[in-house]
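S.K.: Supplied structure: my_file01.cif, mmCIF, C-alpha atoms.
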```
data_final
#
loop_
_atom_site.label_atom_id
_atom_site.label_comp_id
_atom_site.auth_asym_id
_atom_site.auth_seq_id
_atom_site.Cartn_x
_atom_site.Cartn_y
_atom_site.Cartn_z
CA MET Y 264 -150.30 -35.01 97.37
CA ALA Y 265 -152.40 -32.28 95.82
CA ALA Y 266 -150.87 -28.88 96.49
CA GLY Y 267 -152.55 -26.87 99.19
CA LYS Y 268 -154.94 -29.65 100.12
CA ASP Y 269 -155.06 -30.92 103.68
CA PRO Y 270 -156.20 -34.55 103.71
CA THR Y 271 -157.98 -33.92 107.00
CA ASP Y 272 -160.30 -31.36 105.41
CA ASP Y 273 -162.85 -34.10 104.66
CA LYS Y 274 -164.28 -35.59 107.81
CA ALA Y 275 -163.08 -39.18 108.07
CA ASN Y 276 -166.30 -41.12 108.57
CA ALA Y 277 -168.03 -43.92 106.74
CA TRP Y 278 -170.88 -41.69 105.55
CA THR Y 279 -168.47 -39.34 103.78
CA VAL Y 280 -166.73 -42.30 102.18
CA PHE Y 281 -170.08 -43.75 101.07
CA ARG Y 282 -171.25 -40.50 99.47
CA VAL Y 283 -168.03 -40.03 97.51
CA PHE Y 284 -167.99 -43.62 96.25
CA LEU Y 285 -171.71 -43.57 95.46
CA ARG Y 286 -171.11 -40.73 93.04
CA LEU Y 287 -168.27 -42.70 91.48
CA GLY Y 288 -170.47 -45.79 91.34
CA LEU Y 289 -173.09 -43.87 89.39
CA THR Y 290 -170.70 -42.31 86.89
CA SER Y 291 -167.62 -44.55 86.48
CA PHE Y 292 -168.07 -46.21 83.11
CA GLY Y 293 -165.28 -47.82 81.13
CA GLY Y 294 -163.92 -50.77 83.11
CA PRO Y 295 -161.25 -51.18 85.79
CA ILE Y 296 -158.50 -49.14 84.14
CA ALA Y 297 -160.90 -46.23 83.70
CA HIS Y 298 -162.05 -46.67 87.32
CA LEU Y 299 -158.48 -46.28 88.55
CA GLY Y 300 -158.26 -43.03 86.59
CA TYR Y 301 -161.47 -41.76 88.21
CA PHE Y 302 -160.11 -42.71 91.64
CA ARG Y 303 -156.82 -40.91 91.07
CA ASP Y 304 -158.59 -37.74 90.00
CA GLU Y 305 -160.94 -37.88 93.00
CA PHE Y 306 -158.64 -38.95 95.82
CA VAL Y 307 -155.19 -37.74 94.77
CA THR Y 308 -155.88 -34.61 92.74
CA ARG Y 309 -159.15 -33.25 94.15
CA ARG Y 310 -159.30 -34.42 97.77
CA GLY Y 311 -155.67 -35.15 98.61
CA TRP Y 312 -156.59 -38.25 100.59
CA LEU Y 313 -153.52 -39.98 99.15
CA GLY Y 314 -150.21 -38.92 97.67
CA GLU Y 315 -149.32 -39.92 94.13
CA ARG Y 316 -146.87 -42.63 95.17
CA SER Y 317 -149.13 -43.97 97.91
CA TYR Y 318 -151.89 -44.36 95.35
CA ALA Y 319 -149.51 -46.12 92.96
CA ASP Y 320 -148.56 -48.50 95.78
CA LEU Y 321 -152.20 -49.36 96.40
CA VAL Y 322 -152.77 -50.00 92.71
CA ALA Y 323 -149.69 -52.22 92.55
CA LEU Y 324 -150.87 -54.26 95.54
CA CYS Y 325 -154.37 -54.72 94.14
CA GLN Y 326 -153.02 -55.71 90.73
CA PHE Y 327 -150.97 -58.39 92.47
CA LEU Y 328 -153.93 -59.80 94.42
CA PRO Y 329 -156.65 -61.87 92.77
CA GLY Y 330 -160.01 -60.17 92.43
CA PRO Y 331 -161.35 -56.86 91.04
CA ALA Y 332 -158.46 -54.40 91.25
CA SER Y 333 -160.49 -51.19 91.12
CA SER Y 334 -162.91 -52.36 93.82
CA GLN Y 335 -159.98 -53.44 95.99
CA VAL Y 336 -158.32 -50.03 95.62
CA GLY Y 337 -161.61 -48.46 96.69
CA MET Y 338 -161.83 -50.74 99.73
CA ALA Y 339 -158.26 -49.84 100.70
CA ILE Y 340 -158.97 -46.11 100.40
CA GLY Y 341 -162.10 -46.51 102.53
CA LEU Y 342 -160.10 -48.50 105.06
CA SER Y 343 -157.52 -45.72 105.27
CA ARG Y 344 -160.20 -43.06 105.90
CA ALA Y 345 -162.63 -44.76 108.29
CA GLY Y 346 -161.43 -48.25 109.17
CA PHE Y 347 -163.41 -51.34 108.30
CA ALA Y 348 -166.67 -49.37 108.21
CA GLY Y 349 -165.07 -47.13 105.61
CA ALA Y 350 -164.03 -50.13 103.52
CA LEU Y 351 -167.59 -51.43 103.60
CA ALA Y 352 -168.96 -47.99 102.76
CA ALA Y 353 -166.59 -47.62 99.80
CA TRP Y 354 -167.63 -51.04 98.46
CA ALA Y 355 -171.35 -50.36 98.92
CA GLY Y 356 -171.25 -46.94 97.28
CA PHE Y 357 -169.24 -48.10 94.29
CA THR Y 358 -171.01 -51.45 93.81
CA LEU Y 359 -174.71 -51.08 94.59
CA PRO Y 360 -175.77 -48.89 91.62
CA SER Y 361 -174.71 -51.42 89.01
CA ALA Y 362 -175.76 -54.40 91.13
CA ILE Y 363 -179.30 -53.02 91.54
CA ALA Y 364 -179.54 -52.28 87.82
CA LEU Y 365 -178.45 -55.80 86.90
CA VAL Y 366 -180.85 -57.47 89.33
CA LEU Y 367 -183.67 -55.42 87.80
CA PHE Y 368 -182.52 -56.51 84.36
CA ALA Y 369 -182.50 -60.16 85.49
CA SER Y 370 -186.00 -59.77 86.92
CA GLY Y 371 -187.20 -58.33 83.64
CA LEU Y 372 -185.73 -61.22 81.66
CA SER Y 373 -187.11 -63.96 83.91
CA ASN Y 374 -190.53 -62.53 84.76
CA TRP Y 375 -191.62 -60.50 81.77
CA GLY Y 376 -189.26 -61.28 78.93
CA ILE Y 377 -188.92 -57.56 78.32
CA LEU Y 378 -186.25 -57.84 75.63
CA PRO Y 379 -186.86 -59.26 72.14
CA ALA Y 380 -184.59 -62.08 71.01
CA GLY Y 381 -182.76 -59.76 68.62
CA VAL Y 382 -181.79 -57.43 71.46
CA LEU Y 383 -180.50 -60.34 73.52
CA HIS Y 384 -178.38 -61.45 70.58
CA GLY Y 385 -177.08 -57.92 70.14
CA LEU Y 386 -175.96 -57.90 73.77
CA LYS Y 387 -174.04 -61.12 73.16
CA VAL Y 388 -172.42 -59.62 70.07
CA VAL Y 389 -171.27 -56.51 71.94
CA ALA Y 390 -169.63 -58.79 74.52
CA VAL Y 391 -167.34 -59.94 71.71
CA ALA Y 392 -166.26 -56.34 71.07
CA VAL Y 393 -165.77 -55.56 74.76
CA VAL Y 394 -163.65 -58.64 75.45
CA ALA Y 395 -161.67 -58.08 72.23
CA GLN Y 396 -160.94 -54.54 73.38
CA ALA Y 397 -159.76 -55.85 76.75
CA VAL Y 398 -157.48 -58.42 75.07
CA TRP Y 399 -156.03 -55.75 72.79
CA GLY Y 400 -155.35 -53.27 75.57
CA MET Y 401 -153.96 -55.79 78.04
CA ALA Y 402 -151.74 -57.43 75.42
CA ARG Y 403 -150.19 -54.10 74.49
CA ALA Y 404 -149.50 -53.27 78.14
CA LEU Y 405 -148.53 -56.69 79.51
CA CYS Y 406 -147.07 -58.70 76.61
CA THR Y 407 -144.24 -56.36 75.67
CA ASP Y 408 -141.71 -58.94 74.46
CA ARG Y 409 -141.51 -62.40 72.92
CA ALA Y 410 -141.31 -64.21 76.25
CA ARG Y 411 -144.49 -62.65 77.63
CA ALA Y 412 -146.32 -63.09 74.33
CA SER Y 413 -145.31 -66.76 74.33
CA ILE Y 414 -146.65 -67.23 77.86
CA ALA Y 415 -149.95 -65.67 76.76
CA ALA Y 416 -150.16 -67.93 73.70
CA VAL Y 417 -149.44 -71.11 75.69
CA ALA Y 418 -151.94 -70.09 78.39
CA ALA Y 419 -154.63 -69.53 75.75
CA CYS Y 420 -154.00 -72.92 74.14
CA ILE Y 421 -154.12 -74.78 77.47
CA ALA Y 422 -157.31 -72.98 78.53
CA LEU Y 423 -158.99 -73.86 75.23
CA LEU Y 424 -157.94 -77.53 75.32
CA TRP Y 425 -158.79 -78.07 79.00
CA PRO Y 426 -161.46 -75.47 79.89
CA THR Y 427 -161.81 -75.90 83.64
CA ALA Y 428 -161.37 -73.42 86.47
CA TRP Y 429 -158.61 -75.41 88.17
CA VAL Y 430 -156.60 -75.69 84.95
CA GLN Y 431 -156.70 -71.90 84.73
CA VAL Y 432 -155.40 -71.65 88.29
CA GLY Y 433 -152.60 -74.04 87.35
CA VAL Y 434 -151.74 -71.92 84.32
CA ILE Y 435 -151.48 -68.82 86.51
CA ALA Y 436 -149.27 -70.64 89.04
CA ALA Y 437 -146.98 -71.96 86.28
CA ALA Y 438 -146.70 -68.50 84.72
CA ALA Y 439 -145.76 -67.06 88.11
CA GLY Y 440 -142.98 -69.64 88.38
CA VAL Y 441 -141.67 -68.89 84.89
CA GLY Y 442 -141.77 -65.14 85.47
CA GLY Y 443 -140.10 -65.39 88.86
CA ARG Y 444 -137.33 -67.52 87.42
CA PHE Y 445 -136.56 -65.80 84.14
CA PHE Y 446 -137.82 -62.18 84.20
CA THR Y 447 -135.77 -59.28 85.56
CA PRO Y 448 -137.91 -56.24 86.47
CA SER Y 449 -136.38 -52.84 87.08
CA ASP Y 450 -135.94 -51.79 90.70
CA ASP Y 451 -137.65 -48.59 91.89
CA ALA Y 452 -137.61 -48.25 95.66
CA SER Y 453 -138.99 -44.71 95.88
CA HIS Y 454 -142.47 -44.70 97.40
CA ASP Y 455 -144.59 -43.33 100.21
CA ARG Y 456 -145.73 -45.45 103.11
CA LEU Y 457 -149.28 -46.63 102.68
CA PRO Y 458 -151.67 -44.65 104.92
CA ILE Y 459 -153.32 -47.77 106.34
CA THR Y 460 -152.50 -49.53 109.57
CA VAL Y 461 -153.85 -53.00 110.25
CA GLY Y 462 -152.14 -55.03 112.93
CA PRO Y 463 -150.07 -58.00 111.71
CA ARG Y 464 -151.96 -60.39 113.97
CA LEU Y 465 -155.37 -59.32 112.65
CA ALA Y 466 -154.04 -59.30 109.09
CA SER Y 467 -152.73 -62.84 109.47
CA GLY Y 468 -156.09 -63.93 110.86
CA LEU Y 469 -157.90 -62.47 107.85
CA LEU Y 470 -155.58 -64.27 105.44
CA ILE Y 471 -156.09 -67.53 107.32
CA LEU Y 472 -159.87 -67.01 107.16
CA PHE Y 473 -159.56 -66.46 103.40
CA LEU Y 474 -157.81 -69.82 103.01
CA VAL Y 475 -160.17 -71.62 105.40
CA LEU Y 476 -163.18 -70.52 103.37
CA LEU Y 477 -161.51 -71.28 100.04
CA ILE Y 478 -160.62 -74.83 101.12
CA GLY Y 479 -163.42 -75.47 103.60
CA LEU Y 480 -166.47 -74.54 101.53
CA PRO Y 481 -165.97 -77.28 98.89
CA VAL Y 482 -165.15 -79.76 101.66
CA LEU Y 483 -168.30 -78.83 103.59
CA LEU Y 484 -170.62 -78.93 100.58
CA PRO Y 485 -170.98 -82.75 100.29
CA PHE Y 486 -171.98 -82.92 103.96
CA VAL Y 487 -174.42 -79.99 103.82
CA PRO Y 488 -175.83 -80.18 100.29
CA SER Y 489 -177.83 -77.09 99.44
CA GLN Y 490 -177.94 -74.78 96.46
CA PRO Y 491 -177.34 -71.57 98.46
CA LEU Y 492 -174.16 -73.08 99.93
CA ALA Y 493 -173.11 -74.28 96.48
CA MET Y 494 -173.66 -70.76 95.15
CA VAL Y 495 -171.54 -69.25 97.93
CA ASP Y 496 -168.80 -71.80 97.23
CA ALA Y 497 -168.81 -71.15 93.46
CA PHE Y 498 -168.79 -67.36 93.68
CA TYR Y 499 -166.35 -67.19 96.59
CA ARG Y 500 -163.95 -69.36 94.58
CA ALA Y 501 -164.39 -67.18 91.50
CA GLY Y 502 -163.62 -64.05 93.52
CA SER Y 503 -160.58 -65.76 95.05
CA LEU Y 504 -158.91 -67.11 91.93
CA VAL Y 505 -159.31 -64.44 89.25
CA PHE Y 506 -156.27 -62.41 88.26
CA GLY Y 507 -156.76 -59.59 85.80
CA GLY Y 508 -160.10 -58.07 86.69
CA GLY Y 509 -163.71 -58.46 85.74
CA HIS Y 510 -163.41 -59.81 82.20
CA VAL Y 511 -161.27 -62.73 83.31
CA VAL Y 512 -163.98 -63.89 85.73
CA LEU Y 513 -166.18 -64.68 82.71
CA PRO Y 514 -164.81 -68.18 81.97
CA LEU Y 515 -164.72 -69.10 85.66
CA LEU Y 516 -168.35 -68.12 86.21
CA GLN Y 517 -169.47 -69.64 82.93
CA ALA Y 518 -167.90 -72.96 83.94
CA GLU Y 519 -169.65 -72.80 87.31
CA VAL Y 520 -173.20 -71.79 86.39
CA VAL Y 521 -173.90 -72.91 82.81
CA PRO Y 522 -172.95 -76.63 82.65
CA GLY Y 523 -174.89 -77.36 85.83
CA GLY Y 524 -178.03 -75.74 84.46
CA TRP Y 525 -178.20 -72.89 86.96
CA VAL Y 526 -178.27 -70.33 84.13
CA SER Y 527 -178.66 -70.89 80.38
CA ASN Y 528 -175.78 -69.79 78.18
CA GLU Y 529 -178.10 -67.35 76.38
CA THR Y 530 -179.07 -65.69 79.66
CA PHE Y 531 -175.43 -65.70 80.78
CA MET Y 532 -174.20 -63.90 77.68
CA ALA Y 533 -177.14 -61.48 77.64
CA GLY Y 534 -176.37 -60.50 81.22
CA TYR Y 535 -172.69 -60.14 80.46
CA GLY Y 536 -173.53 -57.81 77.62
CA ALA Y 537 -175.88 -55.80 79.83
CA ALA Y 538 -173.15 -55.52 82.46
CA GLN Y 539 -171.17 -53.41 79.99
CA ALA Y 540 -173.94 -50.79 79.98
CA VAL Y 541 -173.78 -49.99 83.69
CA PRO Y 542 -171.09 -48.13 85.66
CA GLY Y 543 -169.05 -49.62 88.46
CA PRO Y 544 -167.26 -52.97 88.76
CA LEU Y 545 -167.97 -55.81 86.34
CA PHE Y 546 -168.00 -58.25 89.28
CA THR Y 547 -171.56 -57.06 89.92
CA PHE Y 548 -172.40 -59.47 87.10
CA ALA Y 549 -172.61 -61.92 90.02
CA ALA Y 550 -175.78 -60.16 91.19
CA PHE Y 551 -177.37 -60.74 87.78
CA LEU Y 552 -176.45 -64.43 87.85
CA GLY Y 553 -177.73 -64.91 91.39
CA ALA Y 554 -181.05 -63.29 90.50
CA SER Y 555 -181.36 -65.42 87.33
CA MET Y 556 -180.60 -68.87 88.73
CA ASN Y 557 -183.00 -71.77 88.44
CA GLY Y 558 -183.95 -73.23 91.82
CA ALA Y 559 -182.03 -70.61 93.80
CA PRO Y 560 -183.28 -68.07 96.32
CA SER Y 561 -185.27 -65.88 93.99
CA GLY Y 562 -184.56 -62.38 92.76
CA TRP Y 563 -182.96 -59.96 95.18
CA LEU Y 564 -181.96 -62.57 97.75
CA GLY Y 565 -180.08 -64.70 95.21
CA GLY Y 566 -178.44 -61.63 93.72
CA LEU Y 567 -177.31 -60.35 97.12
CA LEU Y 568 -175.97 -63.77 98.14
CA CYS Y 569 -173.80 -64.12 95.04
CA LEU Y 570 -172.72 -60.47 95.14
CA ILE Y 571 -171.46 -60.75 98.72
CA ALA Y 572 -169.82 -64.13 98.09
CA ILE Y 573 -167.75 -62.89 95.14
CA PHE Y 574 -166.51 -59.78 96.99
CA VAL Y 575 -165.74 -61.28 100.41
CA PRO Y 576 -162.32 -62.57 99.24
CA SER Y 577 -161.35 -59.03 98.24
CA PHE Y 578 -162.12 -57.69 101.74
CA LEU Y 579 -160.08 -60.42 103.37
CA LEU Y 580 -157.14 -60.15 100.97
CA VAL Y 581 -156.86 -56.35 100.95
CA ALA Y 582 -156.98 -55.95 104.72
CA GLY Y 583 -154.80 -59.02 105.23
CA ALA Y 584 -152.09 -58.13 102.73
CA LEU Y 585 -151.58 -54.43 103.47
CA PRO Y 586 -149.28 -54.79 106.51
CA PHE Y 587 -146.91 -57.03 104.54
CA TRP Y 588 -146.90 -55.07 101.30
CA GLU Y 589 -144.13 -52.63 102.25
CA LYS Y 590 -141.63 -55.47 102.49
CA LEU Y 591 -143.08 -57.55 99.68
CA ARG Y 592 -143.00 -54.81 97.04
CA HIS Y 593 -139.20 -54.57 97.34
CA HIS Y 594 -138.78 -58.23 96.36
CA LEU Y 595 -137.75 -58.35 92.72
CA ARG Y 596 -138.68 -62.01 92.30
CA THR Y 597 -142.23 -61.26 93.42
CA ARG Y 598 -142.54 -58.51 90.84
CA ALA Y 599 -141.07 -60.78 88.19
CA ALA Y 600 -143.63 -63.46 89.05
CA LEU Y 601 -146.38 -60.87 88.68
CA ALA Y 602 -145.15 -60.10 85.17
CA GLY Y 603 -145.58 -63.78 84.29
CA ILE Y 604 -149.05 -63.86 85.84
CA ASN Y 605 -150.14 -60.81 83.86
CA ALA Y 606 -149.02 -62.40 80.59
CA ALA Y 607 -150.96 -65.57 81.40
CA VAL Y 608 -154.04 -63.47 82.18
CA VAL Y 609 -153.92 -62.08 78.64
CA GLY Y 610 -153.88 -65.64 77.31
CA LEU Y 611 -156.82 -66.71 79.46
CA LEU Y 612 -158.79 -63.70 78.28
CA LEU Y 613 -157.92 -64.52 74.67
CA ALA Y 614 -159.27 -68.05 75.20
CA ALA Y 615 -162.46 -66.62 76.72
CA LEU Y 616 -162.84 -64.36 73.68
CA TYR Y 617 -163.17 -67.47 71.52
CA HIS Y 618 -165.22 -69.60 73.91
CA PRO Y 619 -167.78 -68.90 75.20
CA VAL Y 620 -167.98 -65.30 73.92
CA TRP Y 621 -167.36 -65.71 70.19
CA THR Y 622 -168.90 -69.16 69.76
CA SER Y 623 -172.20 -68.13 71.32
CA ALA Y 624 -172.58 -64.80 69.50
CA ILE Y 625 -171.04 -64.83 66.00
CA MET Y 626 -173.35 -67.00 63.91
CA ARG Y 627 -173.56 -65.05 60.64
CA ALA Y 628 -171.59 -62.51 58.63
CA GLU Y 629 -173.79 -59.68 59.89
CA ASP Y 630 -172.99 -60.65 63.50
CA PHE Y 631 -169.29 -60.32 62.75
CA ALA Y 632 -169.86 -56.98 61.02
CA LEU Y 633 -171.80 -55.69 64.03
CA ALA Y 634 -169.03 -56.84 66.39
CA VAL Y 635 -166.41 -55.06 64.26
CA LEU Y 636 -168.40 -51.82 64.35
CA ALA Y 637 -168.79 -52.07 68.14
CA PHE Y 638 -165.06 -52.79 68.53
CA VAL Y 639 -164.09 -49.74 66.46
CA ALA Y 640 -166.56 -47.57 68.35
CA LEU Y 641 -165.07 -48.63 71.68
CA LEU Y 642 -161.37 -48.67 70.82
CA PHE Y 643 -160.88 -45.93 68.23
CA TRP Y 644 -163.87 -43.62 68.64
CA GLN Y 645 -163.76 -44.17 72.42
CA LEU Y 646 -167.52 -43.89 72.73
CA PRO Y 647 -169.03 -44.57 76.17
CA PRO Y 648 -169.55 -48.33 76.66
CA TRP Y 649 -173.19 -47.85 77.68
CA LEU Y 650 -173.87 -46.08 74.37
CA VAL Y 651 -172.17 -48.81 72.33
CA VAL Y 652 -174.08 -51.52 74.23
CA ALA Y 653 -177.40 -49.78 73.70
CA ALA Y 654 -176.73 -49.17 70.01
CA THR Y 655 -175.65 -52.77 69.45
CA GLY Y 656 -178.75 -54.06 71.21
CA VAL Y 657 -180.96 -51.94 68.93
CA ALA Y 658 -178.96 -53.08 65.89
CA GLY Y 659 -179.42 -56.71 66.93
CA TRP Y 660 -183.16 -56.11 67.19
CA LEU Y 661 -183.27 -54.57 63.71
CA LEU Y 662 -181.25 -57.43 62.25
CA GLY Y 663 -183.68 -59.86 63.86
CA ILE Y 664 -186.56 -58.13 62.07
CA VAL Y 665 -184.99 -58.18 58.59
CA ARG Y 666 -183.72 -61.78 58.75
#
```
What does the file become when written as structure tokens?

M.R.:
Amino acid sequence: MAAGKDPTDDKANAWTVFRVFLRLGLTSFGGPIAHLGYFRDEFVTRRGWLGERSYADLVALCQFLPGPASSQVGMAIGLSRAGFAGALAAWAGFTLPSAIALVLFASGLSNWGILPAGVLHGLKVVAVAVVAQAVWGMARALCTDRARASIAAVAACIALLWPTAWVQVGVIAAAAGVGGRFFTPSDDASHDRLPITVGPRLASGLLILFLVLLIGLPVLLPFVPSQPLAMVDAFYRAGSLVFGGGHVVLPLLQAEVVPGGWVSNETFMAGYGAAQAVPGPLFTFAAFLGASMNGAPSGWLGGLLCLIAIFVPSFLLVAGALPFWEKLRHHLRTRAALAGINAAVVGLLLAALYHPVWTSAIMRAEDFALAVLAFVALLFWQLPPWLVVAATGVAGWLLGIVR
């Protein structure tokens, strides 16, 4: 814990939590790993709400769970400060700035066509650089030996040959089995107790509700056919089954919304590129998709519906898993299985880099050159993502003029 800082100095109420996370939601560029760095600086170093090891425990738990890790850490911190109202306040403050920006962007595309075609193509090209950067960084951190690299390669091949959401879930499950059987993680039992208390009975009920919705929504859909319910089912499932953070949700969402004609692939990739230019969690891309869908509740209502649906699993899983984490984190086989899952996530992201990201954006030599420049700017120059996205959009517009 930060020296000389009393964690009770900040009044523990939902409004305080909301204000702190709103500032983070307006300024936290750079993706989930960067978000976790912002959180550590704010809540461990500056405010002393958590000790160093307690924060590391929360990060470990949220990396293990499916869904957006940085948002889940934020929910857990809010829960520790002000109960369930604090968790909701943390989510709202961190999520709404980027969600509002993306719904406005979707409205501009659908109603006024505010962006020239060249800019839209530039946004698709920058998505190549962003996903390539994510693959590079995750591979270096998570595929540290031949076994993990092999799992990633096999996962990528399977995802490319059979590109469905359920195949990806099967790949993750198989990788967990391989990791749990063959990997041997180091044991480190030193940690602080997590500063969150949720009763085991309530936690079990939340986990049961998570499973009921995951299984029950697709079962209910044929009997109550409606597009809003189908949207809730698709986005709830995406939020429930994604390991590895926001970039990995791309192939799941693309498989849900593009083949059925809800959103065109051009709009999908343009929105994904625009999502790189805003702070906060990448899962707010769901708000853009909901606001862009054909035949759906229009604009803000569709965006809000999809945004809530994709984040509900995170609320249920974080609050439901916390009481059991103290025992679970000591289990070496669980941590070994997580190592296998992480390697498979790298492979799934590598497959997504090729399709749909690369195949929809890189059409000519100049597209590849622009993607290379954006990649170098992000990875080696470490320029802010919003600046790289804006510059690539302008470059795409200029290329469209000279072609």

S.K.: Using the chain letters and numbers from the file, give me the residues hit by the PyMOL selection byres ((chain Y and resi 516) around 10), as an MDAnalysis selection string.

M.R.: chainID Y and resid 428 497:498 500:502 511:515 517:521 531 548:549 552

S.K.: Pick from Y:Gly543, Y:Pro576, Y:Gly553, Y:Pro491: nearest to Pro329 (chain Y), with only C-alpha atoms counted?

M.R.: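 Closest to Pro329 (chain Y) of all the choices is Y:Pro576.
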
S.K.: Mind telling me what the PyMOL selection byres ((chain Y and resi 458-473) around 10) catches here, as a ChimeraX atom specification?

M.R.: /Y:312-314,317-318,321,339-347,455-457,474-479,499,503,575-587

S.K.: Only C-alpha atoms, please: the residues just picked out, written as a PDB file, in the frame of the given file.

M.R.:
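The result, written out as selection_12.pdb:
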```pdb
ATOM      1  CA  TRP Y 312    -156.590 -38.250 100.590  1.00  0.00           C
ATOM      2  CA  LEU Y 313    -153.520 -39.980  99.150  1.00  0.00           C
ATOM      3  CA  GLY Y 314    -150.210 -38.920  97.670  1.00  0.00           C
ATOM      4  CA  SER Y 317    -149.130 -43.970  97.910  1.00  0.00           C
ATOM      5  CA  TYR Y 318    -151.890 -44.360  95.350  1.00  0.00           C
ATOM      6  CA  LEU Y 321    -152.200 -49.360  96.400  1.00  0.00           C
ATOM      7  CA  ALA Y 339    -158.260 -49.840 100.700  1.00  0.00           C
ATOM      8  CA  ILE Y 340    -158.970 -46.110 100.400  1.00  0.00           C
ATOM      9  CA  GLY Y 341    -162.100 -46.510 102.530  1.00  0.00           C
ATOM     10  CA  LEU Y 342    -160.100 -48.500 105.060  1.00  0.00           C
ATOM     11  CA  SER Y 343    -157.520 -45.720 105.270  1.00  0.00           C
ATOM     12  CA  ARG Y 344    -160.200 -43.060 105.900  1.00  0.00           C
ATOM     13  CA  ALA Y 345    -162.630 -44.760 108.290  1.00  0.00           C
ATOM     14  CA  GLY Y 346    -161.430 -48.250 109.170  1.00  0.00           C
ATOM     15  CA  PHE Y 347    -163.410 -51.340 108.300  1.00  0.00           C
ATOM     16  CA  ASP Y 455    -144.590 -43.330 100.210  1.00  0.00           C
ATOM     17  CA  ARG Y 456    -145.730 -45.450 103.110  1.00  0.00           C
ATOM     18  CA  LEU Y 457    -149.280 -46.630 102.680  1.00  0.00           C
ATOM     19  CA  LEU Y 474    -157.810 -69.820 103.010  1.00  0.00           C
ATOM     20  CA  VAL Y 475    -160.170 -71.620 105.400  1.00  0.00           C
ATOM     21  CA  LEU Y 476    -163.180 -70.520 103.370  1.00  0.00           C
ATOM     22  CA  LEU Y 477    -161.510 -71.280 100.040  1.00  0.00           C
ATOM     23  CA  ILE Y 478    -160.620 -74.830 101.120  1.00  0.00           C
ATOM     24  CA  GLY Y 479    -163.420 -75.470 103.600  1.00  0.00           C
ATOM     25  CA  TYR Y 499    -166.350 -67.190  96.590  1.00  0.00           C
ATOM     26  CA  SER Y 503    -160.580 -65.760  95.050  1.00  0.00           C
ATOM     27  CA  VAL Y 575    -165.740 -61.280 100.410  1.00  0.00           C
ATOM     28  CA  PRO Y 576    -162.320 -62.570  99.240  1.00  0.00           C
ATOM     29  CA  SER Y 577    -161.350 -59.030  98.240  1.00  0.00           C
ATOM     30  CA  PHE Y 578    -162.120 -57.690 101.740  1.00  0.00           C
ATOM     31  CA  LEU Y 579    -160.080 -60.420 103.370  1.00  0.00           C
ATOM     32  CA  LEU Y 580    -157.140 -60.150 100.970  1.00  0.00           C
ATOM     33  CA  VAL Y 581    -156.860 -56.350 100.950  1.00  0.00           C
ATOM     34  CA  ALA Y 582    -156.980 -55.950 104.720  1.00  0.00           C
ATOM     35  CA  GLY Y 583    -154.800 -59.020 105.230  1.00  0.00           C
ATOM     36  CA  ALA Y 584    -152.090 -58.130 102.730  1.00  0.00           C
ATOM     37  CA  LEU Y 585    -151.580 -54.430 103.470  1.00  0.00           C
ATOM     38  CA  PRO Y 586    -149.280 -54.790 106.510  1.00  0.00           C
ATOM     39  CA  PHE Y 587    -146.910 -57.030 104.540  1.00  0.00           C
TER      40      PHE Y 587
END
```

S.K.: Quote the spacing between CA of Leu567 (chain Y) and CA of Ala550 (chain Y) in Å to one decimal place.

M.R.: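 Here the two named atoms are 6.1 Å from each other.
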
S.K.: For each of Y:Gln396, Y:Ser361, Y:Asn557, Y:Gln645, take the minimum atom-to-atom distance to Ala537 (chain Y), counting only C-alpha atoms, then give the residue where this is smallest.

M.R.: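 Smallest distance to Ala537 (chain Y) is found for Y:Ser361.
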
S.K.: Between CA of Leu289 (chain Y) and CA of Phe357 (chain Y), measure the distance and give it in Å to one decimal.

M.R.: 7.5 Å

S.K.: Applied to the shown file, which residues does the PyMOL selection byres ((chain Y and resi 282) around 12) return, written as a list in words?

M.R.: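 Here the PyMOL selection byres ((chain Y and resi 282) around 12) matches Asp273, Lys274, Ala275, Asn276, Ala277, Trp278, Thr279, Val280, Phe281, Val283, Phe284, Leu285, Arg286, Leu287, Gly288, Leu289, Gly341, Gly349, Ala352, Ala353, Trp354, Ala355, Gly356 and Phe357 of chain Y.
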
S.K.: Please provide the set of residues having any atom within 12 Å of region 485-490 of chain Y, restricted to only C-alpha atoms, with same-chain residues fewer than 2 positions apart removed, written as a tab-separated table (two decimals) with C-alpha atoms, in the frame of the given file.

M.R.:
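So out_33.tsv came out as:
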```tsv
chain	number	residue	atom	x	y	z
Y	479	GLY	CA	-163.42	-75.47	103.60
Y	480	LEU	CA	-166.47	-74.54	101.53
Y	481	PRO	CA	-165.97	-77.28	98.89
Y	482	VAL	CA	-165.15	-79.76	101.66
Y	483	LEU	CA	-168.30	-78.83	103.59
Y	492	LEU	CA	-174.16	-73.08	99.93
Y	493	ALA	CA	-173.11	-74.28	96.48
Y	494	MET	CA	-173.66	-70.76	95.15
Y	495	VAL	CA	-171.54	-69.25	97.93
Y	496	ASP	CA	-168.80	-71.80	97.23
Y	497	ALA	CA	-168.81	-71.15	93.46
Y	520	VAL	CA	-173.20	-71.79	86.39
Y	523	GLY	CA	-174.89	-77.36	85.83
Y	525	TRP	CA	-178.20	-72.89	86.96
Y	553	GLY	CA	-177.73	-64.91	91.39
Y	556	MET	CA	-180.60	-68.87	88.73
Y	557	ASN	CA	-183.00	-71.77	88.44
Y	558	GLY	CA	-183.95	-73.23	91.82
Y	559	ALA	CA	-182.03	-70.61	93.80
Y	560	PRO	CA	-183.28	-68.07	96.32
Y	561	SER	CA	-185.27	-65.88	93.99
Y	565	GLY	CA	-180.08	-64.70	95.21
Y	568	LEU	CA	-175.97	-63.77	98.14
Y	569	CYS	CA	-173.80	-64.12	95.04
```
